[in-house]
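Asker: I am sharing my_file_38.cif, which consists of mmCIF, C-alpha atoms:
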data_entry
loop_
_atom_site.label_atom_id
_atom_site.label_comp_id
_atom_site.auth_asym_id
_atom_site.auth_seq_id
_atom_site.Cartn_x
_atom_site.Cartn_y
_atom_site.Cartn_z
CA MET A 793 -11.59 21.97 19.39
CA ASN A 794 -11.60 18.19 19.45
CA VAL A 795 -11.03 16.80 15.97
CA ALA A 796 -12.63 13.38 16.42
CA GLY A 797 -14.64 12.86 13.27
CA GLY A 798 -12.05 14.31 10.94
CA VAL A 799 -14.38 16.52 8.92
CA GLY A 800 -12.54 19.47 7.43
CA PHE A 801 -9.11 17.83 7.48
CA ASP A 802 -7.06 16.61 4.52
CA ARG A 803 -5.27 13.42 5.31
CA ARG A 804 -2.61 11.38 3.48
CA ALA A 805 -0.27 8.51 4.31
CA ARG A 806 2.89 7.04 2.82
CA PRO A 807 5.19 4.17 3.75
CA LEU A 808 8.31 5.91 5.10
CA LEU A 809 10.87 5.39 7.89
CA GLY A 810 9.92 1.71 7.96
CA THR A 811 6.36 2.52 8.97
CA ILE A 812 3.22 4.27 7.76
CA VAL A 813 3.44 8.03 8.14
CA ASP A 814 0.04 9.72 8.47
CA ILE A 815 -0.28 13.49 7.98
CA GLY A 816 -3.45 15.53 8.50
CA VAL A 817 -3.99 19.27 8.11
CA ARG A 818 -7.02 21.51 8.34
CA SER A 819 -8.29 22.00 4.79
CA GLY A 820 -7.37 25.43 3.53
CA ALA A 821 -6.22 27.67 0.74
CA SER A 822 -2.78 26.05 0.56
CA GLY A 823 -4.20 22.86 -0.99
CA THR A 824 -1.87 19.89 -0.96
CA ALA A 825 1.33 22.01 -0.74
CA PRO A 826 1.86 21.64 3.04
CA ILE A 827 1.44 17.86 2.99
CA ASP A 828 3.62 17.47 -0.12
CA ALA A 829 6.38 19.55 1.52
CA ALA A 830 6.16 17.56 4.76
CA PHE A 831 6.48 14.22 2.96
CA ALA A 832 9.40 15.58 0.92
CA GLU A 833 11.13 16.58 4.18
CA ILE A 834 10.71 13.09 5.64
CA GLU A 835 11.94 11.46 2.43
CA ALA A 836 15.04 13.68 2.49
CA LEU A 837 15.72 12.84 6.12
CA GLN A 838 15.24 9.14 5.45
CA ARG A 839 17.94 9.35 2.77
CA CYS A 840 20.31 10.87 5.37
CA LEU A 841 19.54 8.48 8.23
CA SER A 842 18.94 5.06 6.72
CA ARG A 843 21.50 2.44 7.68
CA PHE A 844 20.58 0.58 4.51
CA ASP A 845 21.25 3.36 1.98
CA PRO A 846 25.03 3.37 1.36
CA ALA A 847 24.91 7.08 0.46
CA SER A 848 23.31 8.10 3.79
CA ASP A 849 25.22 10.00 6.47
CA VAL A 850 24.77 7.07 8.83
CA ALA A 851 26.00 4.38 6.40
CA ARG A 852 28.97 6.55 5.38
CA PHE A 853 29.87 7.02 9.05
CA ASN A 854 29.59 3.31 9.75
CA ALA A 855 32.01 2.63 6.87
CA LEU A 856 34.59 5.20 8.06
CA PRO A 857 37.90 4.12 9.61
CA ALA A 858 38.72 5.41 13.10
CA GLY A 859 40.21 8.89 13.07
CA ALA A 860 38.23 9.98 10.01
CA SER A 861 35.28 12.37 9.91
CA LEU A 862 32.53 13.52 7.57
CA ALA A 863 30.23 16.53 7.21
CA PRO A 864 26.65 15.34 7.69
CA GLY A 865 23.60 17.23 6.45
CA ALA A 866 22.15 19.92 8.70
CA ALA A 867 19.22 17.73 9.78
CA THR A 868 21.50 14.81 10.68
CA LEU A 869 23.79 17.14 12.61
CA GLU A 870 20.93 18.60 14.62
CA LEU A 871 19.83 15.08 15.53
CA LEU A 872 23.31 13.85 16.44
CA GLU A 873 23.92 16.88 18.66
CA ALA A 874 20.68 16.16 20.53
CA ALA A 875 21.66 12.49 20.87
CA GLN A 876 25.14 13.43 22.09
CA ALA A 877 23.66 15.68 24.78
CA LEU A 878 21.22 12.97 25.80
CA PHE A 879 23.99 10.37 26.06
CA ALA A 880 25.73 12.65 28.58
CA THR A 881 22.66 13.68 30.59
CA SER A 882 21.27 10.13 30.75
CA ALA A 883 24.62 8.81 32.04
CA GLY A 884 24.98 6.66 28.95
CA LEU A 885 21.49 5.13 28.97
CA PHE A 886 20.64 6.66 25.62
CA ASP A 887 23.19 5.13 23.26
CA LEU A 888 22.99 5.57 19.48
CA SER A 889 25.76 3.01 19.04
CA ALA A 890 23.55 0.28 20.53
CA GLY A 891 26.48 -0.92 22.62
CA THR A 892 29.01 -1.20 19.76
CA ALA A 893 31.29 1.48 21.30
CA PRO A 894 29.19 4.25 22.87
CA GLU A 895 31.97 6.83 23.12
CA GLY A 896 33.40 6.12 19.69
CA TRP A 897 31.76 9.07 17.96
CA ALA A 898 31.56 12.80 18.48
CA CYS A 899 30.10 15.87 16.79
CA ARG A 900 32.55 18.78 16.74
CA ASP A 901 32.60 21.91 14.58
CA GLY A 902 29.87 20.67 12.29
CA ARG A 903 31.62 17.37 11.60
CA LEU A 904 30.91 13.83 12.74
CA HIS A 905 34.09 12.14 13.97
CA LYS A 906 34.72 8.44 14.31
CA LEU A 907 36.90 7.68 17.31
CA ASP A 908 36.52 3.93 17.59
CA PRO A 909 36.46 1.53 14.62
CA ARG A 910 33.77 -0.60 16.30
CA THR A 911 31.17 2.18 16.53
CA ARG A 912 28.08 1.70 14.40
CA LEU A 913 25.31 4.26 14.67
CA ASP A 914 21.62 3.42 14.47
CA LEU A 915 19.31 6.41 14.67
CA GLY A 916 16.19 4.26 15.02
CA GLY A 917 15.67 5.42 18.61
CA ILE A 918 15.37 9.11 17.81
CA GLY A 919 15.16 9.57 14.01
CA LYS A 920 11.40 9.17 13.65
CA GLY A 921 10.72 11.75 16.33
CA HIS A 922 13.05 14.23 14.66
CA ALA A 923 11.46 13.56 11.27
CA VAL A 924 8.02 14.28 12.76
CA ASP A 925 9.23 17.62 14.18
CA ARG A 926 10.77 18.67 10.87
CA ALA A 927 7.65 17.65 8.96
CA VAL A 928 5.50 19.75 11.32
CA GLN A 929 7.80 22.75 10.65
CA ARG A 930 7.25 22.32 6.90
CA LEU A 931 3.46 22.10 7.37
CA ILE A 932 3.43 25.38 9.29
CA GLU A 933 5.79 27.13 6.85
CA HIS A 934 3.49 26.12 4.00
CA GLY A 935 0.43 27.64 5.59
CA ALA A 936 -1.19 24.81 7.58
CA THR A 937 -2.98 26.27 10.61
CA ALA A 938 -3.58 22.99 12.45
CA GLY A 939 -2.82 19.32 12.00
CA TRP A 940 -0.62 16.41 12.97
CA VAL A 941 2.10 14.02 11.80
CA ASN A 942 2.07 10.43 13.05
CA ALA A 943 5.04 8.24 12.10
CA GLY A 944 3.70 4.85 13.16
CA GLY A 945 3.06 5.92 16.74
CA ASP A 946 5.51 8.82 17.17
CA LEU A 947 3.23 11.78 16.67
CA ARG A 948 2.90 15.51 17.13
CA VAL A 949 -0.11 17.79 16.94
CA PHE A 950 -0.10 21.56 16.37
CA GLY A 951 -2.56 24.44 16.06
CA ASP A 952 -5.82 24.94 17.93
CA ILE A 953 -6.90 21.30 17.92
CA GLU A 954 -7.02 18.53 20.43
CA LEU A 955 -6.20 15.11 19.07
CA PRO A 956 -7.61 11.93 20.59
CA ILE A 957 -4.82 9.41 21.18
CA ALA A 958 -5.40 5.69 21.26
CA LEU A 959 -2.89 3.05 22.29
CA ARG A 960 -2.47 -0.01 20.11
CA ASP A 961 -2.22 -3.34 21.79
CA GLU A 962 0.81 -5.08 20.36
CA ALA A 963 -0.14 -8.57 21.47
CA GLY A 964 -3.76 -8.75 20.36
CA GLY A 965 -4.32 -5.87 17.98
CA GLY A 966 -7.01 -3.27 18.50
CA SER A 967 -6.63 -0.06 20.40
CA ARG A 968 -8.05 1.76 23.41
CA PRO A 969 -8.53 5.45 24.11
CA PHE A 970 -5.79 6.97 26.23
CA ALA A 971 -5.68 10.75 26.12
CA ALA A 972 -6.36 13.96 24.26
CA LEU A 973 -3.29 15.93 23.22
CA ALA A 974 -2.87 19.53 22.06
CA ASP A 975 0.27 21.38 20.98
CA GLY A 976 2.68 18.58 21.79
CA ALA A 977 4.10 15.18 20.95
CA PHE A 978 3.55 11.60 22.06
CA ALA A 979 5.60 8.45 21.46
CA THR A 980 5.33 4.82 22.50
CA SER A 981 7.89 2.02 22.49
CA HIS A 982 7.10 -1.62 22.96
CA TYR A 983 9.36 -4.04 24.81
CA GLY A 984 8.84 -7.77 24.67
CA ALA A 985 9.83 -10.96 22.92
CA GLY A 986 11.70 -10.16 19.73
CA THR A 987 12.42 -6.51 20.49
CA ARG A 988 15.97 -5.22 20.61
CA SER A 989 15.96 -4.07 24.19
CA ARG A 990 14.19 -4.94 27.41
CA LEU A 991 12.37 -2.94 29.96
CA ALA A 992 14.50 -2.57 33.12
CA GLY A 993 13.43 -4.93 35.88
CA SER A 994 10.74 -6.64 33.86
CA THR A 995 10.46 -9.74 31.76
CA ARG A 996 6.86 -8.96 30.92
CA PRO A 997 6.07 -7.32 27.57
CA ALA A 998 5.24 -3.69 28.18
CA HIS A 999 4.84 -0.31 26.55
CA VAL A 1000 6.42 2.97 27.50
CA SER A 1001 4.71 6.18 26.40
CA VAL A 1002 6.10 9.69 26.73
CA ALA A 1003 4.41 13.03 26.06
CA ALA A 1004 6.69 16.04 25.44
CA PRO A 1005 6.55 19.36 23.60
CA LEU A 1006 8.80 18.01 20.79
CA CYS A 1007 8.58 14.56 19.20
CA LEU A 1008 12.37 14.11 19.17
CA TRP A 1009 12.34 14.17 22.99
CA ALA A 1010 9.18 12.09 23.31
CA ASP A 1011 10.76 9.42 21.08
CA ALA A 1012 14.19 9.49 22.73
CA LEU A 1013 12.89 9.62 26.30
CA THR A 1014 10.84 6.42 25.86
CA LYS A 1015 14.22 4.66 25.69
CA VAL A 1016 15.54 6.40 28.81
CA VAL A 1017 12.38 5.48 30.75
CA ALA A 1018 12.48 1.90 29.50
CA LEU A 1019 16.14 1.38 30.35
CA SER A 1020 15.90 3.06 33.76
CA GLY A 1021 12.44 1.68 34.58
CA ASP A 1022 11.76 5.13 36.04
CA THR A 1023 8.68 7.08 34.96
CA SER A 1024 9.90 10.02 37.05
CA HIS A 1025 13.43 10.07 35.64
CA PRO A 1026 14.86 13.60 36.17
CA LEU A 1027 15.37 14.07 32.41
CA LEU A 1028 11.60 14.02 31.90
CA ALA A 1029 11.09 17.21 33.91
CA ARG A 1030 14.03 18.86 32.18
CA HIS A 1031 12.30 18.33 28.81
CA ARG A 1032 8.82 19.07 30.23
CA ALA A 1033 7.81 15.48 29.53
CA LEU A 1034 5.52 12.94 31.19
CA ALA A 1035 5.85 9.15 31.02
CA TRP A 1036 3.64 6.10 31.49
CA LEU A 1037 4.26 2.37 31.64
CA HIS A 1038 1.36 0.23 30.45
CA MET B 1304 1.70 20.98 25.50
CA ARG B 1305 -1.64 19.99 27.03
CA ILE B 1306 -2.56 16.38 27.64
CA SER B 1307 -5.62 15.03 29.43
CA LEU B 1308 -5.99 11.33 30.06
CA VAL B 1309 -9.29 9.62 29.47
CA ALA B 1310 -10.89 8.22 32.61
CA SER B 1311 -9.95 4.60 31.99
CA ALA B 1312 -6.47 5.30 30.62
CA LEU B 1313 -4.48 3.84 33.47
CA ALA B 1314 -6.85 1.04 34.44
CA VAL B 1315 -4.69 -1.23 32.32
CA SER B 1316 -6.00 -4.55 33.53
CA ALA B 1317 -9.60 -3.56 32.84
CA ALA B 1318 -8.90 -1.90 29.52
CA ALA B 1319 -9.22 -4.58 26.94
CA PRO B 1320 -8.72 -3.20 23.45
CA THR B 1321 -12.09 -1.98 22.33
CA SER B 1322 -12.03 -0.32 18.98
CA ALA B 1323 -10.65 -1.36 15.65
CA PHE B 1324 -9.59 1.52 13.46
CA ALA B 1325 -9.93 2.44 9.84
CA VAL B 1326 -8.94 5.41 7.72
CA ASP B 1327 -9.56 6.24 4.08
CA TYR B 1328 -7.04 8.57 2.53
CA LEU B 1329 -7.54 8.63 -1.23
CA SER B 1330 -9.52 6.87 -3.93
CA ILE B 1331 -7.44 5.26 -6.65
CA GLU B 1332 -8.58 8.02 -9.04
CA GLN B 1333 -7.43 10.72 -6.62
CA ALA B 1334 -4.10 8.95 -6.15
CA ALA B 1335 -3.59 8.62 -9.92
CA LYS B 1336 -4.18 12.37 -10.39
CA LEU B 1337 -1.82 13.24 -7.55
CA MET B 1338 0.91 11.08 -9.06
CA PHE B 1339 0.46 12.28 -12.63
CA PRO B 1340 -1.09 15.76 -12.39
CA GLU B 1341 -0.14 16.51 -16.02
CA ALA B 1342 -2.11 13.51 -17.39
CA ASP B 1343 -5.28 14.21 -19.38
CA SER B 1344 -6.57 10.64 -19.29
CA PHE B 1345 -6.09 7.33 -17.53
CA GLU B 1346 -6.65 3.98 -19.26
CA ALA B 1347 -7.31 0.77 -17.38
CA HIS B 1348 -5.56 -2.39 -18.61
CA ASP B 1349 -5.98 -5.93 -17.38
CA VAL B 1350 -2.58 -7.57 -17.50
CA THR B 1351 -2.22 -11.34 -17.43
CA LEU B 1352 1.25 -12.75 -16.94
CA ASP B 1353 1.94 -16.08 -18.63
CA ALA B 1354 3.75 -19.03 -17.08
CA ALA B 1355 7.13 -18.00 -18.50
CA GLN B 1356 6.80 -14.47 -17.12
CA LEU B 1357 5.80 -15.80 -13.70
CA GLN B 1358 8.84 -18.08 -13.75
CA GLN B 1359 11.08 -15.14 -14.63
CA LEU B 1360 9.70 -13.19 -11.66
CA ASP B 1361 10.24 -16.20 -9.45
CA ALA B 1362 13.86 -16.34 -10.62
CA GLN B 1363 14.22 -12.67 -9.57
CA GLY B 1364 12.98 -13.65 -6.12
CA VAL B 1365 9.60 -11.98 -6.60
CA LYS B 1366 6.43 -13.89 -5.79
CA ALA B 1367 3.90 -12.46 -8.23
CA ARG B 1368 1.03 -13.73 -6.02
CA SER B 1369 -1.37 -13.47 -8.96
CA ALA B 1370 -1.12 -13.69 -12.74
CA HIS B 1371 -3.82 -11.03 -13.12
CA TRP B 1372 -3.10 -7.39 -12.48
CA SER B 1373 -5.04 -4.22 -13.16
CA VAL B 1374 -2.79 -1.39 -14.32
CA ARG B 1375 -3.79 2.17 -15.18
CA THR B 1376 -1.79 4.04 -17.79
CA ALA B 1377 -1.43 7.82 -17.37
CA LYS B 1378 -1.65 9.56 -20.76
CA ARG B 1379 -1.24 13.04 -22.10
CA GLY B 1380 -2.10 13.76 -25.73
CA GLY B 1381 -1.89 10.04 -26.48
CA ASN B 1382 1.60 9.66 -25.00
CA THR B 1383 2.16 7.40 -22.02
CA LEU B 1384 3.52 9.19 -18.96
CA GLY B 1385 3.62 6.23 -16.59
CA PHE B 1386 1.64 3.54 -14.78
CA ILE B 1387 -0.41 3.26 -11.60
CA VAL B 1388 -1.04 -0.06 -9.88
CA PHE B 1389 -3.42 -0.57 -6.98
CA ASP B 1390 -2.87 -3.40 -4.48
CA GLU B 1391 -3.79 -4.58 -1.00
CA VAL B 1392 -1.63 -6.33 1.57
CA ILE B 1393 -2.57 -8.06 4.80
CA GLY B 1394 -0.38 -7.80 7.89
CA LYS B 1395 -0.78 -9.33 11.33
CA VAL B 1396 -3.74 -7.16 12.22
CA GLU B 1397 -4.02 -4.76 9.32
CA LEU B 1398 -5.27 -4.50 5.76
CA ILE B 1399 -3.53 -1.79 3.74
CA SER B 1400 -4.64 -0.57 0.31
CA TYR B 1401 -2.05 1.39 -1.59
CA ALA B 1402 -1.16 2.64 -5.05
CA VAL B 1403 2.22 2.77 -6.74
CA GLY B 1404 3.06 5.22 -9.52
CA ILE B 1405 5.79 4.05 -11.90
CA GLY B 1406 7.57 6.29 -14.39
CA LEU B 1407 8.56 5.39 -17.94
CA ASP B 1408 12.05 4.54 -16.69
CA GLY B 1409 10.50 1.76 -14.60
CA THR B 1410 11.31 3.34 -11.22
CA VAL B 1411 8.86 4.19 -8.45
CA LYS B 1412 7.61 7.75 -8.76
CA GLN B 1413 5.30 7.83 -5.76
CA ILE B 1414 3.57 5.55 -3.26
CA GLU B 1415 0.31 6.57 -1.58
CA ILE B 1416 -1.61 4.67 1.07
CA LEU B 1417 -5.28 4.64 0.01
CA ALA B 1418 -6.80 3.02 3.08
CA TYR B 1419 -5.73 1.46 6.34
CA ARG B 1420 -7.90 -1.00 8.30
CA GLU B 1421 -6.91 -2.47 11.61
CA SER B 1422 -8.76 -5.37 13.17
CA HIS B 1423 -8.73 -6.73 16.69
CA GLY B 1424 -6.23 -9.26 15.42
CA PHE B 1425 -7.98 -12.21 13.91
CA GLU B 1426 -10.73 -10.70 11.76
CA VAL B 1427 -8.25 -9.46 9.20
CA ARG B 1428 -8.00 -13.01 7.82
CA LEU B 1429 -11.78 -13.39 7.51
CA PRO B 1430 -13.18 -12.57 4.08
CA ALA B 1431 -16.32 -11.15 5.70
CA TRP B 1432 -14.31 -8.63 7.68
CA ARG B 1433 -12.44 -7.48 4.59
CA LYS B 1434 -15.56 -7.44 2.44
CA GLN B 1435 -17.22 -4.74 4.55
CA PHE B 1436 -14.72 -2.28 3.11
CA VAL B 1437 -15.01 -3.19 -0.55
CA GLY B 1438 -16.09 -0.22 -2.63
CA LYS B 1439 -15.68 2.29 0.18
CA GLY B 1440 -13.90 5.14 -1.52
CA ALA B 1441 -12.42 8.16 0.18
CA SER B 1442 -15.52 10.17 -0.56
CA SER B 1443 -17.85 7.85 1.28
CA ALA B 1444 -15.90 6.43 4.11
CA ILE B 1445 -14.03 8.99 6.15
CA LYS B 1446 -16.33 8.04 9.01
CA VAL B 1447 -15.50 4.35 8.96
CA GLY B 1448 -14.46 3.62 12.53
CA GLU B 1449 -16.06 6.95 13.49
CA ASP B 1450 -12.76 8.49 14.41
CA ILE B 1451 -9.44 9.78 13.33
CA ALA B 1452 -7.93 8.67 16.62
CA ASN B 1453 -4.21 8.74 16.27
CA ILE B 1454 -2.74 5.50 17.30
CA SER B 1455 0.42 5.18 19.31
CA GLY B 1456 1.94 1.83 20.16
CA ALA B 1457 4.63 -0.43 18.94
CA THR B 1458 5.69 0.94 15.59
CA LEU B 1459 3.65 -0.41 12.72
CA SER B 1460 5.80 -2.12 10.17
CA CYS B 1461 5.41 -1.29 6.50
CA THR B 1462 7.27 -4.43 5.41
CA HIS B 1463 4.25 -5.82 3.61
CA VAL B 1464 3.82 -2.63 1.62
CA THR B 1465 7.54 -2.50 0.81
CA ASP B 1466 7.44 -6.10 -0.44
CA GLY B 1467 4.28 -5.30 -2.41
CA VAL B 1468 5.92 -2.31 -4.11
CA ARG B 1469 8.87 -4.47 -5.17
CA ARG B 1470 6.42 -7.00 -6.62
CA ILE B 1471 4.52 -4.33 -8.55
CA VAL B 1472 7.70 -2.87 -10.05
CA ALA B 1473 8.67 -6.34 -11.29
CA VAL B 1474 5.18 -7.11 -12.62
CA VAL B 1475 5.00 -3.84 -14.58
CA ALA B 1476 8.48 -4.41 -16.00
CA ALA B 1477 7.53 -7.95 -17.08
CA ALA B 1478 4.27 -6.75 -18.64
CA ARG B 1479 6.08 -4.02 -20.57
CA ARG B 1480 8.74 -6.45 -21.82
CA GLY B 1481 5.92 -8.72 -22.95
CA GLY B 1482 4.25 -5.89 -24.84
CA ALA B 1483 1.11 -5.85 -22.67
CA LEU B 1484 1.73 -2.23 -21.64
CA VAL B 1485 2.96 0.57 -23.85
#
Kindly transcribe the structure held in the file into structure tokens.
Answerer:
Amino acid sequence: MNVAGGVGFDRRARPLLGTIVDIGVRSGASGTAPIDAAFAEIEALQRCLSRFDPASDVARFNALPAGASLAPGAATLELLEAAQALFATSAGLFDLSAGTAPEGWACRDGRLHKLDPRTRLDLGGIGKGHAVDRAVQRLIEHGATAGWVNAGGDLRVFGDIELPIALRDEAGGGSRPFAALADGAFATSHYGAGTRSRLAGSTRPAHVSVAAPLCLWADALTKVVALSGDTSHPLLARHRALAWLH
Amino acid sequence: MRISLVASALAVSAAAPTSAFAVDYLSIEQAAKLMFPEADSFEAHDVTLDAAQLQQLDAQGVKARSAHWSVRTAKRGGNTLGFIVFDEVIGKVELISYAVGIGLDGTVKQIEILAYRESHGFEVRLPAWRKQFVGKGASSAIKVGEDIANISGATLSCTHVTDGVRRIVAVVAAARRGGALV
């Protein structure tokens, strides 16, 4: 079923994770409970991951001296373990430390260890995708049969619906139809003047989009594709993902 | 996962952005009830900040933008439960309507986006473009833009909303200190 038109779906949005998070679910007996639970999940994760909240796992890690460790929340740990694996399999392309000291952190035995005093973690490249996945879990647990979560362009759709996807044009505004997605995730990163990183081999502003079963991988793999310039990077197939440059 | 590209998806050079996009989420009444479900009534107040109050806000680093604010008070059995303020902010290409719920302790209880409108880039600054949406509540306007297309692209920033929330918190605090809201 294509859901263009939106009739029969409850939809809400809140400013979270530095963007607007849009959640839609098929209207049903559960009322607003699924959406409320999904927003609560994202708010909780934001408190764990924000570099700007001194009580967050990330800010506490950044303040640690070398040799010390802390016990992050379960959601943070899950994310860091995925990022650690991706750092290894991408031969260092995916780097949560943003170049400060990529091998200066490690997750072992449920704890996050600081190995190098220079390491600062920034989960911006993977956190939104993970938040989307966790929010979708909450929607399903609370009885939603179909719907989506879109965190400012990192999105996932579930249930028996097909979601039209449009790409925003960063330079001029507006959007254009791109695809229809069912039971999967889609993420886009923009590279150009003023962005933190550049697309490999290009000085032209460009977008990288990745579709994958989980939003965490769609989000993270946009960075691998951008930094390698390779839309057939072997990691895409490993995570059953597809990539486009546009 | 199943994904099917639309026919023109990869014809990048030919694919000029075509559609603007608009979503209505909640009316201000719906947002007020979501934020204060225990309230039995909501009262509208027009708050006008005087020059001294505006100066105080300025000293706190908050640009009040306007001296006139409309604030709803959530009540139950005559007691005030909190406040709801509606506002709109304009970004580079977007117009965002939102509501902020504030508890009696002066902190933010909840923020809900009421509507999101995205232009092709320049129309957002034109009064005529913005005016077409005035009075379109959630009940009437879910078909504005004729789609619920989910947009992917460079991440939208919510900086304008975040700044707006900070402004509203300061305005409500100033109005309460001045006795305009109880």
Asker: Translate the PyMOL selection byres ((chain B and resi 1478-1482) around 12) into a concrete residue list for this structure, as a PyMOL selection string.
Answerer: chain B and resi 1348-1353+1355-1357+1359-1360+1367+1370-1374+1376+1385-1386+1405+1407-1409+1471-1477+1483-1485
Asker: Could you state the separation of atom CA of A:Gly951 and atom CA of A:Pro969 in Å, given to one decimal place?
Answerer: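 According to the coordinates, atom CA of A:Gly951 and atom CA of A:Pro969 are separated by 21.5 Å.
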Asker: Tell me which of A:Leu888, A:Ala972, A:Ala1018, A:Ile834 sits closest to chain B, counting only C-alpha atoms.
Answerer: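 Counting only C-alpha atoms, the residue closest to chain B is A:Ala972.
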Asker: Which residues match the PyMOL selection byres ((chain A and resi 815-830) around 9) in the file above, as a ChimeraX atom specification?
Answerer: /A:799-806,813-814,831-835,924,926-943
Asker: Can you work out which residues from chain A touch chain B at a cut-off of 8 Å (counting all atoms listed in the file) and hand them back as a PyMOL selection string?
Answerer: chain A and resi 795-798+803-808+810-812+942+944-947+955-962+964-982+999+1003-1005+1038
Asker: Could you work out how far atom CA of A:Phe844 lies from atom CA of B:Val1365, giving the answer in Å with one decimal?
Answerer: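 Value for the atom CA of B:Val1365-atom CA of A:Phe844 distance: 20.0 Å.
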Asker: Separation of atom CA of A:Asp1011 and atom CA of A:Ile918, in Å?
Answerer: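 Taking atom CA of A:Asp1011 as the start and atom CA of A:Ile918 as the end point, the length is 5.7 Å.
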Asker: Evaluate the PyMOL selection byres ((chain A and resi 898-909) around 12) on the structure here and hand back the selected residues as a PyMOL selection string.
Answerer: chain A and resi 849-850+852-877+879-880+888-889+892-897+910-913
Asker: Given the choices A:Leu915, A:Cys1007, A:Leu1027, A:Val1002, which gets closest to A:Ala851 if the distance is worked out from all atoms listed in the file?
Answerer: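 Selected residue with least distance to A:Ala851: A:Leu915.
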Asker: For stretch 1006-1023 of chain A, take all atoms listed in the file, fit an axis-aligned box around them, add 5 Å to each of the six sides, then output centre and edge lengths in Å rounded to one decimal, as lines of an AutoDock Vina configuration file.
Answerer:
center_x = 12.4
center_y = 9.7
center_z = 27.6
size_x = 17.6
size_y = 26.6
size_z = 26.9
